[in-house]
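Participant: One file is attached below, entry07.cif, containing mmCIF, C-alpha atoms and all ligand atoms.
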```cif
data_run
#
loop_
_atom_site.group_PDB
_atom_site.id
_atom_site.type_symbol
_atom_site.label_atom_id
_atom_site.label_comp_id
_atom_site.auth_asym_id
_atom_site.auth_seq_id
_atom_site.Cartn_x
_atom_site.Cartn_y
_atom_site.Cartn_z
ATOM 1 C CA MET A 1 0.000 0.000 0.000
ATOM 2 C CA ILE A 2 1.401 3.344 -0.966
ATOM 3 C CA ILE A 3 0.297 6.007 1.470
ATOM 4 C CA LYS A 4 -0.370 9.137 -0.507
ATOM 5 C CA SER A 5 -2.249 10.975 2.185
ATOM 6 C CA ALA A 6 -3.325 10.437 5.757
ATOM 7 C CA GLU A 7 -5.159 13.094 7.705
ATOM 8 C CA PHE A 8 -7.025 13.460 10.955
ATOM 9 C CA VAL A 9 -10.707 14.075 10.200
ATOM 10 C CA LYS A 10 -12.385 14.436 13.581
ATOM 11 C CA SER A 11 -13.060 13.027 17.026
ATOM 12 C CA ALA A 12 -16.472 11.778 18.007
ATOM 13 C CA VAL A 13 -18.400 10.300 20.891
ATOM 14 C CA LYS A 14 -21.891 9.801 19.451
ATOM 15 C CA PRO A 15 -23.145 8.585 16.052
ATOM 16 C CA ASP A 16 -24.335 12.032 14.986
ATOM 17 C CA GLN A 17 -20.734 13.211 15.351
ATOM 18 C CA TYR A 18 -19.190 10.517 13.100
ATOM 19 C CA PRO A 19 -17.923 11.823 9.747
ATOM 20 C CA ASP A 20 -20.725 11.849 7.238
ATOM 21 C CA THR A 21 -18.837 9.895 4.580
ATOM 22 C CA ALA A 22 -19.272 6.511 2.941
ATOM 23 C CA TYR A 23 -15.610 5.456 2.829
ATOM 24 C CA PRO A 24 -15.026 1.886 4.011
ATOM 25 C CA GLU A 25 -13.762 1.859 7.584
ATOM 26 C CA ILE A 26 -11.372 -0.192 9.702
ATOM 27 C CA ALA A 27 -11.412 0.232 13.480
ATOM 28 C CA PHE A 28 -8.596 -0.534 15.931
ATOM 29 C CA ALA A 29 -9.586 -1.913 19.329
ATOM 30 C CA GLY A 30 -7.840 -3.315 22.375
ATOM 31 C CA ARG A 31 -6.815 -2.775 25.931
ATOM 32 C CA SER A 32 -5.449 0.603 26.927
ATOM 33 C CA ASN A 33 -1.719 1.017 26.189
ATOM 34 C CA VAL A 34 -1.616 -2.080 23.935
ATOM 35 C CA GLY A 35 -0.286 -0.042 21.011
ATOM 36 C CA LYS A 36 -3.319 0.874 18.864
ATOM 37 C CA SER A 37 -2.180 4.388 18.041
ATOM 38 C CA SER A 38 1.384 3.164 17.416
ATOM 39 C CA LEU A 39 0.118 0.500 15.006
ATOM 40 C CA ILE A 40 -1.809 3.090 13.016
ATOM 41 C CA ASN A 41 1.243 5.355 12.807
ATOM 42 C CA THR A 42 3.385 2.411 11.657
ATOM 43 C CA LEU A 43 0.877 1.365 9.005
ATOM 44 C CA LEU A 44 0.678 4.916 7.694
ATOM 45 C CA ASN A 45 4.428 5.593 7.948
ATOM 46 C CA ARG A 46 3.785 8.565 10.193
ATOM 47 C CA LYS A 47 5.583 9.194 13.451
ATOM 48 C CA ARG A 48 3.068 11.402 15.138
ATOM 49 C CA LEU A 49 -0.166 11.465 13.145
ATOM 50 C CA VAL A 50 -1.864 9.694 16.032
ATOM 51 C CA LYS A 51 -0.848 10.666 19.549
ATOM 52 C CA THR A 52 0.747 7.830 21.501
ATOM 53 C CA SER A 53 1.628 7.837 25.148
ATOM 54 C CA SER A 54 3.227 5.737 27.828
ATOM 55 C CA THR A 55 0.332 6.801 30.059
ATOM 56 C CA PRO A 56 -2.534 4.353 29.489
ATOM 57 C CA GLY A 57 -5.900 5.808 28.617
ATOM 58 C CA ARG A 58 -4.503 8.440 26.261
ATOM 59 C CA THR A 59 -7.089 8.006 23.495
ATOM 60 C CA ARG A 60 -10.481 8.842 24.968
ATOM 61 C CA LEU A 61 -12.638 9.505 21.923
ATOM 62 C CA LEU A 62 -13.228 7.822 18.590
ATOM 63 C CA ASN A 63 -10.663 9.387 16.273
ATOM 64 C CA PHE A 64 -11.221 9.203 12.518
ATOM 65 C CA PHE A 65 -8.377 9.342 9.962
ATOM 66 C CA LEU A 66 -8.864 9.455 6.211
ATOM 67 C CA VAL A 67 -6.252 7.559 4.184
ATOM 68 C CA ASN A 68 -5.577 8.108 0.469
ATOM 69 C CA GLU A 69 -8.993 9.744 0.297
ATOM 70 C CA ALA A 70 -10.252 6.179 -0.053
ATOM 71 C CA PHE A 71 -10.802 4.604 3.363
ATOM 72 C CA THR A 72 -10.948 5.518 7.040
ATOM 73 C CA PHE A 73 -9.079 4.244 10.079
ATOM 74 C CA VAL A 74 -10.765 4.665 13.452
ATOM 75 C CA ASP A 75 -8.640 4.701 16.583
ATOM 76 C CA LEU A 76 -10.910 3.512 19.395
ATOM 77 C CA PRO A 77 -10.256 4.354 23.046
ATOM 78 C CA GLY A 78 -8.713 1.439 24.928
ATOM 79 C CA PHE A 79 -10.611 -0.595 27.480
ATOM 80 C CA GLY A 80 -9.695 -1.997 30.857
ATOM 81 C CA TYR A 81 -7.576 0.715 32.400
ATOM 82 C CA ALA A 82 -8.481 1.118 36.063
ATOM 83 C CA LYS A 83 -6.958 4.556 36.533
ATOM 84 C CA VAL A 84 -9.080 6.474 34.066
ATOM 85 C CA PRO A 85 -11.934 8.261 35.860
ATOM 86 C CA LYS A 86 -14.991 6.121 36.670
ATOM 87 C CA SER A 87 -17.156 8.280 34.420
ATOM 88 C CA MET A 88 -14.804 7.537 31.541
ATOM 89 C CA GLN A 89 -14.838 3.787 32.212
ATOM 90 C CA LYS A 90 -18.620 3.880 32.168
ATOM 91 C CA SER A 91 -18.851 5.826 28.945
ATOM 92 C CA TRP A 92 -16.358 3.604 27.096
ATOM 93 C CA LYS A 93 -18.706 0.700 26.541
ATOM 94 C CA PRO A 94 -21.668 2.559 25.047
ATOM 95 C CA MET A 95 -19.302 4.735 23.000
ATOM 96 C CA VAL A 96 -17.579 1.739 21.398
ATOM 97 C CA ASP A 97 -20.649 -0.544 21.310
ATOM 98 C CA ASN A 98 -22.713 2.116 19.540
ATOM 99 C CA TYR A 99 -20.007 2.588 16.989
ATOM 100 C CA LEU A 100 -19.542 -1.136 16.296
ATOM 101 C CA ALA A 101 -23.267 -1.762 16.090
ATOM 102 C CA ALA A 102 -24.250 1.228 14.005
ATOM 103 C CA ARG A 103 -21.480 1.949 11.558
ATOM 104 C CA LEU A 104 -22.546 0.428 8.255
ATOM 105 C CA GLN A 105 -19.287 1.146 6.462
ATOM 106 C CA LEU A 106 -17.275 -0.787 9.070
ATOM 107 C CA ARG A 107 -15.429 -3.552 7.195
ATOM 108 C CA SER A 108 -13.198 -4.993 9.875
ATOM 109 C CA VAL A 109 -12.014 -4.538 13.448
ATOM 110 C CA VAL A 110 -8.368 -4.976 14.274
ATOM 111 C CA LEU A 111 -8.126 -6.433 17.780
ATOM 112 C CA LEU A 112 -4.758 -5.862 19.404
ATOM 113 C CA MET A 113 -3.383 -7.899 22.283
ATOM 114 C CA ASP A 114 -0.082 -7.449 24.109
ATOM 115 C CA ILE A 115 2.011 -10.560 23.407
ATOM 116 C CA ARG A 116 3.193 -10.592 27.025
ATOM 117 C CA ARG A 117 -0.301 -10.786 28.569
ATOM 118 C CA THR A 118 -2.959 -13.447 28.610
ATOM 119 C CA PRO A 119 -6.143 -12.016 27.134
ATOM 120 C CA ARG A 120 -9.109 -11.697 29.451
ATOM 121 C CA GLN A 121 -12.869 -11.664 29.195
ATOM 122 C CA GLU A 122 -12.989 -8.272 27.425
ATOM 123 C CA GLU A 123 -10.970 -9.585 24.469
ATOM 124 C CA LYS A 124 -13.048 -12.772 24.285
ATOM 125 C CA ASP A 125 -16.275 -10.784 24.490
ATOM 126 C CA LEU A 126 -15.180 -8.437 21.735
ATOM 127 C CA LEU A 127 -14.292 -11.343 19.458
ATOM 128 C CA SER A 128 -17.647 -13.092 20.049
ATOM 129 C CA TRP A 129 -19.400 -9.819 19.502
ATOM 130 C CA LEU A 130 -17.672 -9.324 16.149
ATOM 131 C CA ARG A 131 -18.530 -12.864 15.122
ATOM 132 C CA HIS A 132 -22.146 -12.288 16.064
ATOM 133 C CA TYR A 133 -22.327 -9.171 13.904
ATOM 134 C CA GLN A 134 -20.278 -10.840 11.148
ATOM 135 C CA ILE A 135 -17.564 -8.205 11.241
ATOM 136 C CA PRO A 136 -14.306 -9.945 10.283
ATOM 137 C CA PRO A 137 -11.527 -9.463 12.844
ATOM 138 C CA VAL A 138 -7.817 -9.007 12.261
ATOM 139 C CA LEU A 139 -5.953 -10.273 15.330
ATOM 140 C CA ILE A 140 -2.602 -8.793 16.269
ATOM 141 C CA LEU A 141 -0.089 -9.472 19.015
ATOM 142 C CA THR A 142 1.751 -6.228 19.757
ATOM 143 C CA LYS A 143 5.134 -5.378 21.281
ATOM 144 C CA CYS A 144 6.770 -8.566 19.941
ATOM 145 C CA ASP A 145 10.172 -6.890 20.234
ATOM 146 C CA LYS A 146 9.855 -7.237 24.006
ATOM 147 C CA LEU A 147 10.164 -11.050 23.953
ATOM 148 C CA SER A 148 12.737 -13.505 22.666
ATOM 149 C CA LYS A 149 11.743 -15.615 19.675
ATOM 150 C CA THR A 150 11.136 -18.700 21.818
ATOM 151 C CA LYS A 151 8.942 -16.820 24.252
ATOM 152 C CA ARG A 152 7.068 -15.176 21.418
ATOM 153 C CA ILE A 153 6.083 -18.512 19.947
ATOM 154 C CA ARG A 154 5.122 -19.857 23.350
ATOM 155 C CA GLN A 155 2.902 -16.851 24.013
ATOM 156 C CA GLN A 156 1.339 -17.105 20.572
ATOM 157 C CA THR A 157 0.229 -20.636 21.477
ATOM 158 C CA VAL A 158 -1.065 -19.649 24.930
ATOM 159 C CA ILE A 159 -3.048 -16.691 23.552
ATOM 160 C CA ALA A 160 -4.509 -18.735 20.686
ATOM 161 C CA GLN A 161 -5.707 -21.358 23.183
ATOM 162 C CA LYS A 162 -7.237 -18.752 25.428
ATOM 163 C CA MET A 163 -9.027 -17.073 22.512
ATOM 164 C CA GLU A 164 -10.011 -20.473 21.039
ATOM 165 C CA ILE A 165 -8.584 -19.700 17.619
ATOM 166 C CA ALA A 166 -5.837 -21.101 15.409
ATOM 167 C CA LYS A 167 -2.335 -19.894 16.209
ATOM 168 C CA THR A 168 -1.854 -18.803 12.600
ATOM 169 C CA GLN A 169 -4.627 -16.230 13.002
ATOM 170 C CA LEU A 170 -2.445 -14.184 15.339
ATOM 171 C CA ILE A 171 -0.131 -11.756 13.554
ATOM 172 C CA LEU A 172 3.092 -10.970 15.390
ATOM 173 C CA PHE A 173 3.693 -7.224 15.268
ATOM 174 C CA SER A 174 6.117 -4.633 16.577
ATOM 175 C CA ALA A 175 5.860 -0.892 16.075
ATOM 176 C CA LYS A 176 9.513 -0.686 17.067
ATOM 177 C CA THR A 177 10.957 -3.077 14.469
ATOM 178 C CA ARG A 178 7.964 -2.898 12.087
ATOM 179 C CA GLN A 179 7.789 -6.706 12.122
ATOM 180 C CA GLY A 180 4.440 -7.844 10.722
ATOM 181 C CA ARG A 181 3.526 -4.556 9.031
ATOM 182 C CA ASP A 182 3.246 -6.094 5.562
ATOM 183 C CA ILE A 183 1.091 -8.980 6.763
ATOM 184 C CA VAL A 184 -1.255 -6.603 8.541
ATOM 185 C CA TRP A 185 -1.588 -4.535 5.365
ATOM 186 C CA LYS A 186 -2.308 -7.646 3.311
ATOM 187 C CA GLN A 187 -5.175 -8.586 5.598
ATOM 188 C CA LEU A 188 -6.525 -5.035 5.643
ATOM 189 C CA MET A 189 -6.372 -4.859 1.858
ATOM 190 C CA ALA A 190 -8.419 -8.028 1.684
ATOM 191 C CA MET A 191 -11.029 -6.439 3.951
ATOM 192 C CA LEU A 192 -11.154 -3.268 1.909
ATOM 193 C CA ASP A 193 -11.094 -5.339 -1.321
ATOM 194 C CA SER A 194 -12.063 -3.875 -4.672
ATOM 195 C CA GLU A 195 -13.479 -0.705 -3.197
ATOM 196 C CA ILE A 196 -10.085 0.919 -3.011
ATOM 197 C CA ASP A 197 -8.284 -0.710 -5.939
ATOM 198 C CA LYS A 198 -8.828 2.282 -8.102
ATOM 199 C CA TYR A 199 -7.160 4.584 -5.590
ATOM 200 C CA SER A 200 -4.165 2.607 -4.424
ATOM 201 C CA ASP A 201 -1.153 0.973 -5.957
ATOM 202 C CA ILE A 202 -1.053 -2.439 -4.436
ATOM 203 C CA SER A 203 2.569 -2.799 -3.611
ATOM 204 C CA ILE A 204 3.524 -3.012 0.014
HETATM 205 N N1 LIG B 301 8.555 -1.729 22.560
HETATM 206 C C1 LIG B 301 7.382 -1.414 21.995
HETATM 207 N N2 LIG B 301 6.646 -0.418 22.529
HETATM 208 C C2 LIG B 301 5.449 -0.129 21.935
HETATM 209 C C3 LIG B 301 4.977 -0.831 20.799
HETATM 210 N N3 LIG B 301 3.766 -0.333 20.461
HETATM 211 C C4 LIG B 301 3.503 0.647 21.347
HETATM 212 N N4 LIG B 301 4.504 0.778 22.245
HETATM 213 C C5 LIG B 301 4.570 1.743 23.383
HETATM 214 O O1 LIG B 301 3.464 1.488 24.241
HETATM 215 C C6 LIG B 301 2.925 2.711 24.747
HETATM 216 C C7 LIG B 301 1.450 2.807 24.369
HETATM 217 O O2 LIG B 301 1.305 2.892 22.964
HETATM 218 P P1 LIG B 301 0.023 3.566 22.290
HETATM 219 O O3 LIG B 301 0.160 3.345 20.823
HETATM 220 O O4 LIG B 301 -0.156 4.970 22.764
HETATM 221 O O5 LIG B 301 -1.127 2.641 22.890
HETATM 222 P P2 LIG B 301 -2.722 2.769 22.757
HETATM 223 O O6 LIG B 301 -3.241 1.394 22.624
HETATM 224 O O7 LIG B 301 -3.058 3.721 21.657
HETATM 225 O O8 LIG B 301 -3.104 3.360 24.191
HETATM 226 P P3 LIG B 301 -4.427 4.162 24.640
HETATM 227 O O9 LIG B 301 -4.662 5.259 23.645
HETATM 228 O O10 LIG B 301 -4.066 4.649 25.991
HETATM 229 O O11 LIG B 301 -5.547 3.183 24.674
HETATM 230 C C8 LIG B 301 3.779 3.831 24.146
HETATM 231 O O12 LIG B 301 4.765 4.167 25.080
HETATM 232 C C9 LIG B 301 4.388 3.177 22.903
HETATM 233 O O13 LIG B 301 5.625 3.742 22.542
HETATM 234 C C10 LIG B 301 5.820 -1.874 20.248
HETATM 235 O O14 LIG B 301 5.500 -2.557 19.279
HETATM 236 N N5 LIG B 301 7.004 -2.106 20.898
HETATM 237 MG MG MG B 302 -4.162 5.444 21.714
#
```
Could you render the structure as structure tokens?
Ligand SMILES: Nc1nc2c(ncn2[C@@H]2O[C@H](COP(=O)(O)OP(=O)(O)OP(=O)(O)O)[C@@H](O)[C@H]2O)c(=O)[nH]1
Ligand SMILES: [Mg+2]

Facilitator:
Amino acid sequence: MIIKSAEFVKSAVKPDQYPDTAYPEIAFAGRSNVGKSSLINTLLNRKRLVKTSSTPGRTRLLNFFLVNEAFTFVDLPGFGYAKVPKSMQKSWKPMVDNYLAARLQLRSVVLLMDIRRTPRQEEKDLLSWLRHYQIPPVLILTKCDKLSKTKRIRQQTVIAQKMEIAKTQLILFSAKTRQGRDIVWKQLMAMLDSEIDKYSDISI
């Protein structure tokens, strides 16, 4: 994928604030601090298009980014961080649920999991939810640079078992080394399919 343009469109909380466009959309979901914003920056070859932070709970709204004037990436706020204010924790679920349930142009949800942690109920719930609504997931293990190769493979097996999926469905990714970037793009391209062919040169 050649990135010709990538721009922040707007932030939103409620459906009437989402951009009024019909571009196909891909959303990025996962626990707070897992690396969602970093993954988007890596995919788009931008260092700071999306704000990242070592403080969990940085992204608190739905943030929409238009890429190549052809499709949209949506950076979702992370779940499961105890230190964000209670009011914020409460508003997360309806904010994200409404988006996932209502957004017709949503083509896929990228679910990120930290390779060093065992996923919990929230990740399992999100995956079942996506299956129920027939939204195809792309599953990514982030921060792979933090483990040795042996440990990486061991964790890939443990996480696949926990999520009840095949090991091969989990893409190993690192924003630091860019490992896995091409594979992620390939899967995203498949989700976006012919809709964007006319806008993008398909060479990764
Ligand atoms: N070593 C390493 N650090 C990473 C990687 N991806 C993200 N990080 C770091 O992890 C921290 C959180 O990254 P973000 O991309 O802001 O995470 P997020 O999921 O967007 O977090 P919230 O917006 O708080 O939900 C930052 O300090 C990043 O630099 C990675 O692949 N490797
Ligand atoms: Mg973020």

Participant: Chain A near ligand LIG 301 (chain B) within 9 Å: what's each residue's closest atom pair and its distance in Å to one decimal, counting only C-alpha atoms and all ligand atoms, ordered by chain then ascending residue number, as CSV?

Facilitator:
```
residue,atom,partner,partner_atom,distance
A:Phe28,CA,B:LIG301,O6,8.8
A:Ala29,CA,B:LIG301,O6,7.9
A:Gly30,CA,B:LIG301,O6,6.6
A:Arg31,CA,B:LIG301,O11,6.2
A:Ser32,CA,B:LIG301,O11,3.4
A:Asn33,CA,B:LIG301,O8,3.4
A:Val34,CA,B:LIG301,O6,4.1
A:Gly35,CA,B:LIG301,O5,3.4
A:Lys36,CA,B:LIG301,O6,3.8
A:Ser37,CA,B:LIG301,O7,3.8
A:Ser38,CA,B:LIG301,O3,3.6
A:Leu39,CA,B:LIG301,O3,6.5
A:Ile40,CA,B:LIG301,O3,8.1
A:Asn41,CA,B:LIG301,O3,8.3
A:Val50,CA,B:LIG301,O3,8.2
A:Lys51,CA,B:LIG301,O4,6.6
A:Thr52,CA,B:LIG301,O4,3.3
A:Ser53,CA,B:LIG301,O4,4.1
A:Ser54,CA,B:LIG301,O12,3.5
A:Thr55,CA,B:LIG301,O10,6.4
A:Pro56,CA,B:LIG301,O10,3.8
A:Gly57,CA,B:LIG301,O10,3.4
A:Arg58,CA,B:LIG301,O10,3.8
A:Thr59,CA,B:LIG301,O9,3.7
A:Arg60,CA,B:LIG301,O9,7.0
A:Asp75,CA,B:LIG301,O7,7.6
A:Leu76,CA,B:LIG301,O11,7.5
A:Pro77,CA,B:LIG301,O11,5.1
A:Gly78,CA,B:LIG301,O11,3.6
A:Phe79,CA,B:LIG301,O11,6.9
A:Tyr81,CA,B:LIG301,O10,8.3
A:Leu112,CA,B:LIG301,O6,8.1
A:Asp114,CA,B:LIG301,O14,8.9
A:Leu141,CA,B:LIG301,O14,8.9
A:Thr142,CA,B:LIG301,O14,5.3
A:Lys143,CA,B:LIG301,O14,3.5
A:Cys144,CA,B:LIG301,O14,6.2
A:Asp145,CA,B:LIG301,N5,5.8
A:Lys146,CA,B:LIG301,N1,5.8
A:Phe173,CA,B:LIG301,O14,6.4
A:Ser174,CA,B:LIG301,O14,3.5
A:Ala175,CA,B:LIG301,O14,3.6
A:Lys176,CA,B:LIG301,N5,4.8
A:Thr177,CA,B:LIG301,O14,7.3
A:Arg178,CA,B:LIG301,O14,7.6
A:Gln179,CA,B:LIG301,O14,8.6
```

Participant: Any idea what the distance is between CA of Gly80 (chain A) and CA of Asp20 (chain A)?

Facilitator: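 Value for the CA of Gly80 (chain A)-CA of Asp20 (chain A) distance: 29.5 Å.
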
Participant: Which centre and which edge lengths, in Å to one decimal, describe the axis-aligned box that holds all listed atoms of region 41-47 of chain A after 8 Å is added on each side, as JSON?

Facilitator:
```
{"center_x": 3.1, "center_y": 5.3, "center_z": 10.6, "size_x": 20.9, "size_y": 23.8, "size_z": 21.8}
```

Participant: With distances taken over all atoms listed in the file, which residue among A:Lys162, A:Lys4, A:Lys151, A:Arg48 lies nearest ligand MG 302 (chain B)?

Facilitator: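 Counting all atoms listed in the file, the residue closest to ligand MG 302 (chain B) is A:Arg48.
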
Participant: Can you list, as number ranges by chain, the residues that the PyMOL selection byres (((chain A and resi 182) around 10) and not hetatm) selects here?

Facilitator: A: 1, 43, 173, 178-181, 183-188, 203-204

Participant: Can you tell me which residues surround region 100-106 of chain A at a distance of at most 12 Å, considering all atoms listed in the file, apart from same-chain residues fewer than 5 positions away, and format the answer as an NGL selection string?

Facilitator: :A and (14-29 or 62 or 71-74 or 76 or 93-95 or 126-127 or 129-137 or 191-192 or 195)

Participant: Keeping C-alpha atoms, export the residues of the selection given above as a short mmCIF file (atom, residue, chain, number, x, y, z; two decimals), keeping the file's coordinate frame.

Facilitator:
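What ended up in out24.cif:
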```cif
data_model
loop_
_atom_site.label_atom_id
_atom_site.label_comp_id
_atom_site.auth_asym_id
_atom_site.auth_seq_id
_atom_site.Cartn_x
_atom_site.Cartn_y
_atom_site.Cartn_z
CA LYS A 14 -21.89 9.80 19.45
CA PRO A 15 -23.14 8.59 16.05
CA ASP A 16 -24.34 12.03 14.99
CA GLN A 17 -20.73 13.21 15.35
CA TYR A 18 -19.19 10.52 13.10
CA PRO A 19 -17.92 11.82 9.75
CA ASP A 20 -20.72 11.85 7.24
CA THR A 21 -18.84 9.90 4.58
CA ALA A 22 -19.27 6.51 2.94
CA TYR A 23 -15.61 5.46 2.83
CA PRO A 24 -15.03 1.89 4.01
CA GLU A 25 -13.76 1.86 7.58
CA ILE A 26 -11.37 -0.19 9.70
CA ALA A 27 -11.41 0.23 13.48
CA PHE A 28 -8.60 -0.53 15.93
CA ALA A 29 -9.59 -1.91 19.33
CA LEU A 62 -13.23 7.82 18.59
CA PHE A 71 -10.80 4.60 3.36
CA THR A 72 -10.95 5.52 7.04
CA PHE A 73 -9.08 4.24 10.08
CA VAL A 74 -10.76 4.66 13.45
CA LEU A 76 -10.91 3.51 19.40
CA LYS A 93 -18.71 0.70 26.54
CA PRO A 94 -21.67 2.56 25.05
CA MET A 95 -19.30 4.74 23.00
CA LEU A 126 -15.18 -8.44 21.74
CA LEU A 127 -14.29 -11.34 19.46
CA TRP A 129 -19.40 -9.82 19.50
CA LEU A 130 -17.67 -9.32 16.15
CA ARG A 131 -18.53 -12.86 15.12
CA HIS A 132 -22.15 -12.29 16.06
CA TYR A 133 -22.33 -9.17 13.90
CA GLN A 134 -20.28 -10.84 11.15
CA ILE A 135 -17.56 -8.20 11.24
CA PRO A 136 -14.31 -9.94 10.28
CA PRO A 137 -11.53 -9.46 12.84
CA MET A 191 -11.03 -6.44 3.95
CA LEU A 192 -11.15 -3.27 1.91
CA GLU A 195 -13.48 -0.70 -3.20
#
```

Participant: Care to translate the PyMOL selection byres (((chain A and resi 157) around 12) and not hetatm) into actual residues of this file, as a VMD selection string?

Facilitator: chain A and resid 115 to 116 118 141 150 to 156 158 to 172
